[in-house]
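The structure appears below as structure tokens.
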Amino acid sequence: MTSRTERIVIIDPDETSRQELDRYLESKGFYVCGYADLASAKALSSEPWPDAVFADLSPADLRSLCDQLEATDTFIPVIAYGETAEATVVVEALRAGAEDFVLKPLRDKSLIDDVLGKLFDRVRVNRLNQLYRQELEEANSDLRAGISELRADQRAGRKVQLKMLPEHDHQLGALDIDHLIKPSLYLSGDFLDYFRISRDQTLVYIADVSGHGASSAFVTVLLKNLTNRLQRNLRRGSSDDILYPDRFLQRINSELLDTGLGKHVTVFVGIISEKERTLTYAVGAHFPMPILSFEQGETLFLEGNGLPVGLFEEPEWEVYQVRLDRPFQLYLFSDGILEVIKAKSLAEKEARLLELVSGGRHTIASLSDALQLGEMNELPDDIAIVSVSDRALSGSDVTEPESDSDGVPATDGESTAAPANGPLLTDSPESK
């Protein structure tokens with residue numbers, strides 16, 4: 001047996017046999033302590049626990065020793081040894097808790113090597129398990145603390161996101177606008193906003209940032225900051241980019257590329273002109289397309305396509321326009337809505353979504369109930385919905401504000417609607 005460094009305790013009233021075993025074990029490299037009886041060995045509890053104990057004790061004292069060592073919650077083998085090899089003595093020792101029995105006098109020292117070699121294999125495994133358990137408990141403790149801190153951060157981030165969202169059931173001129181956001185995690189990668197950009201025009205957009213979690217939520221802060229700056233620029237007369245859907249997407253694109261976050265966004269942005277009765281919009285790879293529902297008329301997906309925002313250096317987006325010459329409702333969805341619609345194919349999901357919003361005016365609450373969103377604790381993806389309802393042609397009283405909610409001054413009554421660079425969309429296929 002090679003040299004060892006474990007600690008071994010000998011409890012034996014026979015000093016001669018105790019010293020003999022002591023010398024042999026020390027010759028093997030063990031650290032050895034000897035005691036004459038169990039009472040003097042009680043000092044063990046104030047020292048590092050031994051790796052093994054040789055004990056020549058009565059069955060009662062042997063049981064007391066084994067119970068004491070077992071309470072340490074670690075494996076410390078006790079090897080009983082004595083001058084008799086009667087079966088009853090050996091059985092009593094093993095029943096008391098001894099792992100093995102060695103006969104005195106120790107003529108064949110190789111027996112000790114065999115016993116210790118076998119037991120120390122178990123000792124090492126037990127000690128490694130204890131070490132791994134301790135490391136695992138420490139890691140779990142650190143993980144729990146980290147998760148708790150992360151949840152606190154995410155709750156704070158969620159509050160910030162909620163503060164950035166527009167008001168619910170908001171009235172902007174002749175429009176009633178409402179929204180719903182349900183994140184799949186604490187933070188949402190979906191974002192939406194709507195506000196007046198003139199006395200005649202309302203801008204509404206919905207964006208879906210790639211990925212989930214905090215990094216995607218950061219991009220929503222960037223979007224809110226950008227729209228606020230573009231509104232200030234319009235008021236100051238330094239830039240009118242916000243009046244043009246394609247230039248609005250170009251500004252988002254340049255901002256995302258400058259951040260270097262590696263994030264891209266799908267966006268739908270539309271400008272509703274109440275005087276011209278038009279919706280002018282651009283599409284940044286957003287899907288599904290918004291649904292336009294006319295009162296006592298057809299319900300259809302808007303047409304259009306375009307590149308995602310934040311991937312290309314100098315992209316261009318086509319601008320589309322559709323006439324709003326009848327009372328209407330406009331519904332904007334993020335693609336998470338399709339994840340909760342139970343249908344086999346994408347075409348069936350779109351048909352089901354179209355069916356849900358057709359046949360009358362629907363509120364955000366009624367759409368949520370129809371899709372059973374309130375009953376879902378875990379969502380596969382973020383979900384965002386915006387509904388825009390027309391009041392001007394439905395007999396509702398409309399009071400024009402002197403300025404919009406974001407401080408955009410009223411104009412002299414002339415439309416500042418963005419010119420459409422793309423085709424004019426109407427209700428007939430021939431004019432699309």
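Ordered as shown in the structure tokens, chains take letters A, B, and onward, while each chain numbers its residues from 1 and ligands are numbered from 1 in the order shown.
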Next on the checklist: Show me, as JSON, numbers by chain, the residues that have an atom within 12 Å of Trp317 of chain A when counting only C-alpha atoms, minus same-chain residues fewer than 2 positions from it.
Outcome noted: {"A": [244, 245, 246, 247, 248, 249, 250, 251, 253, 267, 268, 269, 281, 282, 283, 284, 285, 304, 305, 306, 307, 308, 309, 312, 314, 315, 319, 320, 420, 421, 422]}
Could you pull out all residues of segment 72-281 of chain A with a DSSP call of strand (DSSP E or B) and give them as a PDB file with N, CA and C atoms, in the first residue's frame?
ATOM      1  N   VAL A  78     -15.448   2.565  11.250  1.00  0.00           N
ATOM      2  CA  VAL A  78     -14.904   2.045  12.515  1.00  0.00           C
ATOM      3  C   VAL A  78     -14.533   0.588  12.290  1.00  0.00           C
ATOM      4  N   ILE A  79     -13.258   0.244  12.571  1.00  0.00           N
ATOM      5  CA  ILE A  79     -12.789  -1.136  12.445  1.00  0.00           C
ATOM      6  C   ILE A  79     -12.639  -1.686  13.861  1.00  0.00           C
ATOM      7  N   ALA A  80     -13.483  -2.628  14.223  1.00  0.00           N
ATOM      8  CA  ALA A  80     -13.385  -3.254  15.540  1.00  0.00           C
ATOM      9  C   ALA A  80     -12.247  -4.277  15.517  1.00  0.00           C
ATOM     10  N   TYR A  81     -11.502  -4.344  16.611  1.00  0.00           N
ATOM     11  CA  TYR A  81     -10.499  -5.402  16.701  1.00  0.00           C
ATOM     12  C   TYR A  81     -10.372  -5.850  18.153  1.00  0.00           C
ATOM     13  N   GLY A  82     -10.091  -7.162  18.289  1.00  0.00           N
ATOM     14  CA  GLY A  82     -10.024  -7.743  19.624  1.00  0.00           C
ATOM     15  C   GLY A  82      -9.275  -9.073  19.586  1.00  0.00           C
ATOM     16  N   ASP A 100     -15.777  -3.487   9.875  1.00  0.00           N
ATOM     17  CA  ASP A 100     -14.986  -4.717   9.717  1.00  0.00           C
ATOM     18  C   ASP A 100     -14.462  -5.119  11.086  1.00  0.00           C
ATOM     19  N   PHE A 101     -13.848  -6.303  11.153  1.00  0.00           N
ATOM     20  CA  PHE A 101     -13.294  -6.817  12.408  1.00  0.00           C
ATOM     21  C   PHE A 101     -11.915  -7.386  12.114  1.00  0.00           C
ATOM     22  N   VAL A 102     -10.934  -6.951  12.956  1.00  0.00           N
ATOM     23  CA  VAL A 102      -9.551  -7.433  12.804  1.00  0.00           C
ATOM     24  C   VAL A 102      -9.137  -8.112  14.119  1.00  0.00           C
ATOM     25  N   LEU A 103      -8.460  -9.259  13.997  1.00  0.00           N
ATOM     26  CA  LEU A 103      -8.104 -10.070  15.166  1.00  0.00           C
ATOM     27  C   LEU A 103      -6.717  -9.691  15.682  1.00  0.00           C
ATOM     28  N   HIS A 170     -57.805  55.351 -25.939  1.00  0.00           N
ATOM     29  CA  HIS A 170     -57.411  56.731 -26.206  1.00  0.00           C
ATOM     30  C   HIS A 170     -58.229  57.274 -27.381  1.00  0.00           C
ATOM     31  N   GLN A 171     -58.689  58.504 -27.246  1.00  0.00           N
ATOM     32  CA  GLN A 171     -59.412  59.178 -28.316  1.00  0.00           C
ATOM     33  C   GLN A 171     -58.506  60.221 -28.952  1.00  0.00           C
ATOM     34  N   LEU A 172     -58.224  60.019 -30.220  1.00  0.00           N
ATOM     35  CA  LEU A 172     -57.404  60.948 -30.984  1.00  0.00           C
ATOM     36  C   LEU A 172     -58.233  61.442 -32.161  1.00  0.00           C
ATOM     37  N   LEU A 175     -60.751  59.115 -33.926  1.00  0.00           N
ATOM     38  CA  LEU A 175     -60.335  57.728 -33.762  1.00  0.00           C
ATOM     39  C   LEU A 175     -60.360  57.310 -32.296  1.00  0.00           C
ATOM     40  N   ASP A 176     -60.852  56.098 -32.070  1.00  0.00           N
ATOM     41  CA  ASP A 176     -60.715  55.440 -30.771  1.00  0.00           C
ATOM     42  C   ASP A 176     -59.639  54.368 -30.920  1.00  0.00           C
ATOM     43  N   ILE A 177     -58.595  54.430 -30.089  1.00  0.00           N
ATOM     44  CA  ILE A 177     -57.479  53.493 -30.217  1.00  0.00           C
ATOM     45  C   ILE A 177     -57.237  52.816 -28.870  1.00  0.00           C
ATOM     46  N   ASP A 178     -57.015  51.524 -28.922  1.00  0.00           N
ATOM     47  CA  ASP A 178     -56.723  50.751 -27.720  1.00  0.00           C
ATOM     48  C   ASP A 178     -55.661  49.715 -28.062  1.00  0.00           C
ATOM     49  N   HIS A 179     -55.085  49.111 -27.042  1.00  0.00           N
ATOM     50  CA  HIS A 179     -54.015  48.137 -27.294  1.00  0.00           C
ATOM     51  C   HIS A 179     -53.964  47.092 -26.192  1.00  0.00           C
ATOM     52  N   LEU A 180     -53.234  46.028 -26.476  1.00  0.00           N
ATOM     53  CA  LEU A 180     -52.963  44.955 -25.520  1.00  0.00           C
ATOM     54  C   LEU A 180     -51.572  44.406 -25.792  1.00  0.00           C
ATOM     55  N   ILE A 181     -50.789  44.247 -24.733  1.00  0.00           N
ATOM     56  CA  ILE A 181     -49.484  43.570 -24.848  1.00  0.00           C
ATOM     57  C   ILE A 181     -49.419  42.490 -23.767  1.00  0.00           C
ATOM     58  N   LYS A 182     -49.117  41.260 -24.193  1.00  0.00           N
ATOM     59  CA  LYS A 182     -48.914  40.154 -23.270  1.00  0.00           C
ATOM     60  C   LYS A 182     -47.535  39.562 -23.564  1.00  0.00           C
ATOM     61  N   ASP A 190     -42.173  42.990 -28.094  1.00  0.00           N
ATOM     62  CA  ASP A 190     -43.158  43.682 -28.921  1.00  0.00           C
ATOM     63  C   ASP A 190     -43.341  45.098 -28.394  1.00  0.00           C
ATOM     64  N   PHE A 191     -43.619  46.012 -29.314  1.00  0.00           N
ATOM     65  CA  PHE A 191     -43.862  47.389 -28.900  1.00  0.00           C
ATOM     66  C   PHE A 191     -44.855  48.021 -29.853  1.00  0.00           C
ATOM     67  N   LEU A 192     -45.559  49.027 -29.353  1.00  0.00           N
ATOM     68  CA  LEU A 192     -46.547  49.731 -30.163  1.00  0.00           C
ATOM     69  C   LEU A 192     -46.675  51.157 -29.640  1.00  0.00           C
ATOM     70  N   ASP A 193     -47.192  52.009 -30.494  1.00  0.00           N
ATOM     71  CA  ASP A 193     -47.419  53.392 -30.080  1.00  0.00           C
ATOM     72  C   ASP A 193     -48.389  54.035 -31.058  1.00  0.00           C
ATOM     73  N   TYR A 194     -49.056  55.071 -30.592  1.00  0.00           N
ATOM     74  CA  TYR A 194     -49.926  55.867 -31.454  1.00  0.00           C
ATOM     75  C   TYR A 194     -50.018  57.266 -30.863  1.00  0.00           C
ATOM     76  N   PHE A 195     -50.048  58.248 -31.735  1.00  0.00           N
ATOM     77  CA  PHE A 195     -50.072  59.651 -31.301  1.00  0.00           C
ATOM     78  C   PHE A 195     -50.419  60.539 -32.484  1.00  0.00           C
ATOM     79  N   ARG A 196     -50.849  61.753 -32.178  1.00  0.00           N
ATOM     80  CA  ARG A 196     -51.151  62.726 -33.214  1.00  0.00           C
ATOM     81  C   ARG A 196     -49.852  63.363 -33.698  1.00  0.00           C
ATOM     82  N   GLN A 201     -53.687  64.286 -38.609  1.00  0.00           N
ATOM     83  CA  GLN A 201     -53.058  62.984 -38.805  1.00  0.00           C
ATOM     84  C   GLN A 201     -52.724  62.282 -37.489  1.00  0.00           C
ATOM     85  N   THR A 202     -52.893  60.970 -37.506  1.00  0.00           N
ATOM     86  CA  THR A 202     -52.512  60.107 -36.388  1.00  0.00           C
ATOM     87  C   THR A 202     -51.580  59.025 -36.901  1.00  0.00           C
ATOM     88  N   LEU A 203     -50.466  58.864 -36.220  1.00  0.00           N
ATOM     89  CA  LEU A 203     -49.510  57.813 -36.560  1.00  0.00           C
ATOM     90  C   LEU A 203     -49.698  56.643 -35.602  1.00  0.00           C
ATOM     91  N   VAL A 204     -49.715  55.438 -36.146  1.00  0.00           N
ATOM     92  CA  VAL A 204     -49.811  54.227 -35.343  1.00  0.00           C
ATOM     93  C   VAL A 204     -48.810  53.218 -35.888  1.00  0.00           C
ATOM     94  N   TYR A 205     -48.092  52.569 -35.000  1.00  0.00           N
ATOM     95  CA  TYR A 205     -47.163  51.532 -35.471  1.00  0.00           C
ATOM     96  C   TYR A 205     -47.094  50.400 -34.454  1.00  0.00           C
ATOM     97  N   ILE A 206     -46.685  49.243 -34.962  1.00  0.00           N
ATOM     98  CA  ILE A 206     -46.463  48.061 -34.133  1.00  0.00           C
ATOM     99  C   ILE A 206     -45.145  47.450 -34.569  1.00  0.00           C
ATOM    100  N   ALA A 207     -44.325  47.029 -33.605  1.00  0.00           N
ATOM    101  CA  ALA A 207     -42.991  46.511 -33.903  1.00  0.00           C
ATOM    102  C   ALA A 207     -42.753  45.230 -33.121  1.00  0.00           C
ATOM    103  N   ASP A 208     -42.041  44.326 -33.733  1.00  0.00           N
ATOM    104  CA  ASP A 208     -41.686  43.049 -33.111  1.00  0.00           C
ATOM    105  C   ASP A 208     -40.178  42.880 -33.226  1.00  0.00           C
ATOM    106  N   VAL A 209     -39.487  42.987 -32.085  1.00  0.00           N
ATOM    107  CA  VAL A 209     -38.026  42.881 -32.063  1.00  0.00           C
ATOM    108  C   VAL A 209     -37.628  41.410 -32.085  1.00  0.00           C
ATOM    109  N   VAL A 265     -35.887  44.377 -36.493  1.00  0.00           N
ATOM    110  CA  VAL A 265     -37.266  44.601 -36.095  1.00  0.00           C
ATOM    111  C   VAL A 265     -38.167  44.453 -37.310  1.00  0.00           C
ATOM    112  N   THR A 266     -39.318  43.852 -37.106  1.00  0.00           N
ATOM    113  CA  THR A 266     -40.366  43.912 -38.124  1.00  0.00           C
ATOM    114  C   THR A 266     -41.362  44.976 -37.673  1.00  0.00           C
ATOM    115  N   VAL A 267     -41.761  45.830 -38.589  1.00  0.00           N
ATOM    116  CA  VAL A 267     -42.557  46.999 -38.237  1.00  0.00           C
ATOM    117  C   VAL A 267     -43.663  47.222 -39.261  1.00  0.00           C
ATOM    118  N   PHE A 268     -44.810  47.629 -38.777  1.00  0.00           N
ATOM    119  CA  PHE A 268     -45.838  48.233 -39.624  1.00  0.00           C
ATOM    120  C   PHE A 268     -46.087  49.626 -39.080  1.00  0.00           C
ATOM    121  N   VAL A 269     -46.005  50.638 -39.939  1.00  0.00           N
ATOM    122  CA  VAL A 269     -46.274  52.011 -39.532  1.00  0.00           C
ATOM    123  C   VAL A 269     -47.291  52.606 -40.490  1.00  0.00           C
ATOM    124  N   GLY A 270     -48.331  53.209 -39.948  1.00  0.00           N
ATOM    125  CA  GLY A 270     -49.370  53.810 -40.762  1.00  0.00           C
ATOM    126  C   GLY A 270     -49.726  55.198 -40.271  1.00  0.00           C
ATOM    127  N   ILE A 271     -50.108  56.065 -41.195  1.00  0.00           N
ATOM    128  CA  ILE A 271     -50.555  57.413 -40.865  1.00  0.00           C
ATOM    129  C   ILE A 271     -51.982  57.568 -41.399  1.00  0.00           C
ATOM    130  N   ILE A 272     -52.905  57.855 -40.503  1.00  0.00           N
ATOM    131  CA  ILE A 272     -54.308  58.023 -40.868  1.00  0.00           C
ATOM    132  C   ILE A 272     -54.613  59.505 -40.981  1.00  0.00           C
ATOM    133  N   SER A 273     -55.075  59.902 -42.137  1.00  0.00           N
ATOM    134  CA  SER A 273     -55.497  61.285 -42.365  1.00  0.00           C
ATOM    135  C   SER A 273     -57.019  61.337 -42.298  1.00  0.00           C
ATOM    136  N   THR A 278     -57.644  58.620 -45.623  1.00  0.00           N
ATOM    137  CA  THR A 278     -56.684  57.663 -46.173  1.00  0.00           C
ATOM    138  C   THR A 278     -55.826  57.088 -45.055  1.00  0.00           C
ATOM    139  N   LEU A 279     -55.328  55.899 -45.323  1.00  0.00           N
ATOM    140  CA  LEU A 279     -54.288  55.285 -44.501  1.00  0.00           C
ATOM    141  C   LEU A 279     -53.061  55.119 -45.385  1.00  0.00           C
ATOM    142  N   THR A 280     -51.987  55.786 -45.021  1.00  0.00           N
ATOM    143  CA  THR A 280     -50.724  55.695 -45.744  1.00  0.00           C
ATOM    144  C   THR A 280     -49.757  54.903 -44.881  1.00  0.00           C
ATOM    145  N   TYR A 281     -49.126  53.872 -45.456  1.00  0.00           N
ATOM    146  CA  TYR A 281     -48.340  52.989 -44.596  1.00  0.00           C
ATOM    147  C   TYR A 281     -47.155  52.390 -45.335  1.00  0.00           C
TER     148      TYR A 281
END
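When only C-alpha atoms are used to measure the gap to Lys263 of chain A, the shortest distance among A:Val160, A:Ala347, A:Ala217, A:Met289 belongs to A:Ala217.
One distance worth recording is that between atom CA of Gly189 of chain A and atom CA of His212 of chain A, which is 5.6 Å.
Atom CA of Asp169 of chain A sits 25.8 Å away from atom CA of Glu339 of chain A.
Counting from atom CA of Thr363 of chain A, the distance to atom CA of Ile383 of chain A is 15.8 Å.
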Checklist entry - Neighbours of Arg124 of chain A within 12 Å (only C-alpha atoms; same-chain residues fewer than 6 positions away dropped), as a ChimeraX atom specification? => result /A:6,51-52,74-77,116-118,130-131
Selection above as a file: C-alpha atoms, as a tab-separated table (two decimals), in the first residue's frame:
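Written output follows (part.tsv):
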chain	number	residue	atom	x	y	z
A	6	GLU	CA	-5.36	10.28	6.20
A	51	ASP	CA	-10.79	9.29	8.38
A	52	ALA	CA	-10.99	5.96	10.22
A	74	THR	CA	-19.95	11.83	6.87
A	75	PHE	CA	-18.60	8.35	6.38
A	76	ILE	CA	-16.01	7.56	9.10
A	77	PRO	CA	-15.46	3.79	9.20
A	116	LEU	CA	-8.03	0.22	4.92
A	117	GLY	CA	-7.67	0.10	1.15
A	118	LYS	CA	-11.25	-1.11	0.78
A	130	GLN	CA	-19.86	15.82	0.21
A	131	LEU	CA	-17.61	18.28	-1.61
Checklist entry - Residues at most 9 Å from Leu354 of chain A, counting only C-alpha atoms, excluding those fewer than 6 positions away in the same chain, as a ChimeraX atom specification? => result /A:291,299-301
Using only C-alpha atoms, please write the residues we just selected to a file, as a CSV table (one decimal), in the first residue's frame.
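Contents of again26.csv, freshly written:
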chain,number,residue,atom,x,y,z
A,291,ILE,CA,-56.7,43.7,-40.9
A,299,THR,CA,-62.8,42.5,-44.0
A,300,LEU,CA,-59.4,42.0,-45.5
A,301,PHE,CA,-55.7,41.9,-44.9
Could you please write out, as a compact mmCIF listing (two decimals) with C-alpha atoms, in the first residue's frame, every residue of segment 179-340 of chain A that DSSP assigns to helix (DSSP H, G or I)?
# COMPACT_ATOMS: atom_id res chain seq x y z
CA GLY A 213 -36.04 39.02 -23.00
CA ALA A 214 -33.99 41.98 -21.86
CA SER A 215 -31.92 42.57 -25.02
CA SER A 216 -35.06 42.79 -27.14
CA ALA A 217 -36.74 44.99 -24.54
CA PHE A 218 -33.83 47.45 -24.79
CA VAL A 219 -34.69 47.98 -28.44
CA THR A 220 -38.25 48.99 -27.49
CA VAL A 221 -36.74 51.77 -25.36
CA LEU A 222 -34.78 52.88 -28.41
CA LEU A 223 -37.98 52.94 -30.48
CA LYS A 224 -39.80 55.07 -27.92
CA ASN A 225 -36.86 57.44 -27.66
CA LEU A 226 -36.68 57.77 -31.44
CA THR A 227 -40.38 58.54 -31.88
CA ASN A 228 -40.18 61.18 -29.14
CA ARG A 229 -37.22 62.82 -30.88
CA LEU A 230 -38.93 62.76 -34.26
CA GLN A 231 -42.00 64.43 -32.76
CA ARG A 232 -39.81 67.13 -31.20
CA ASN A 233 -38.03 67.63 -34.51
CA LEU A 234 -41.39 68.13 -36.22
CA ARG A 235 -42.47 70.71 -33.67
CA ARG A 236 -39.17 72.55 -34.02
CA ASP A 241 -39.32 62.43 -41.23
CA ILE A 242 -42.19 61.34 -39.00
CA LEU A 243 -44.70 62.44 -41.64
CA PRO A 245 -43.73 56.11 -43.22
CA ASP A 246 -40.74 55.06 -45.35
CA ARG A 247 -38.46 57.69 -43.84
CA PHE A 248 -39.69 56.69 -40.38
CA LEU A 249 -38.49 53.14 -41.05
CA GLN A 250 -35.19 54.45 -42.42
CA ARG A 251 -34.57 56.32 -39.17
CA ILE A 252 -35.26 53.19 -37.11
CA ASN A 253 -32.95 51.22 -39.41
CA SER A 254 -30.02 53.63 -38.98
CA GLU A 255 -30.51 53.77 -35.20
CA LEU A 256 -30.46 49.98 -34.89
CA LEU A 257 -27.36 49.62 -37.04
CA ASP A 258 -25.57 52.28 -34.97
CA THR A 259 -26.23 50.41 -31.72
CA GLY A 336 -47.32 35.89 -31.55
CA ILE A 337 -51.06 35.98 -32.19
CA LEU A 338 -50.69 33.20 -34.73
CA GLU A 339 -49.01 30.97 -32.14
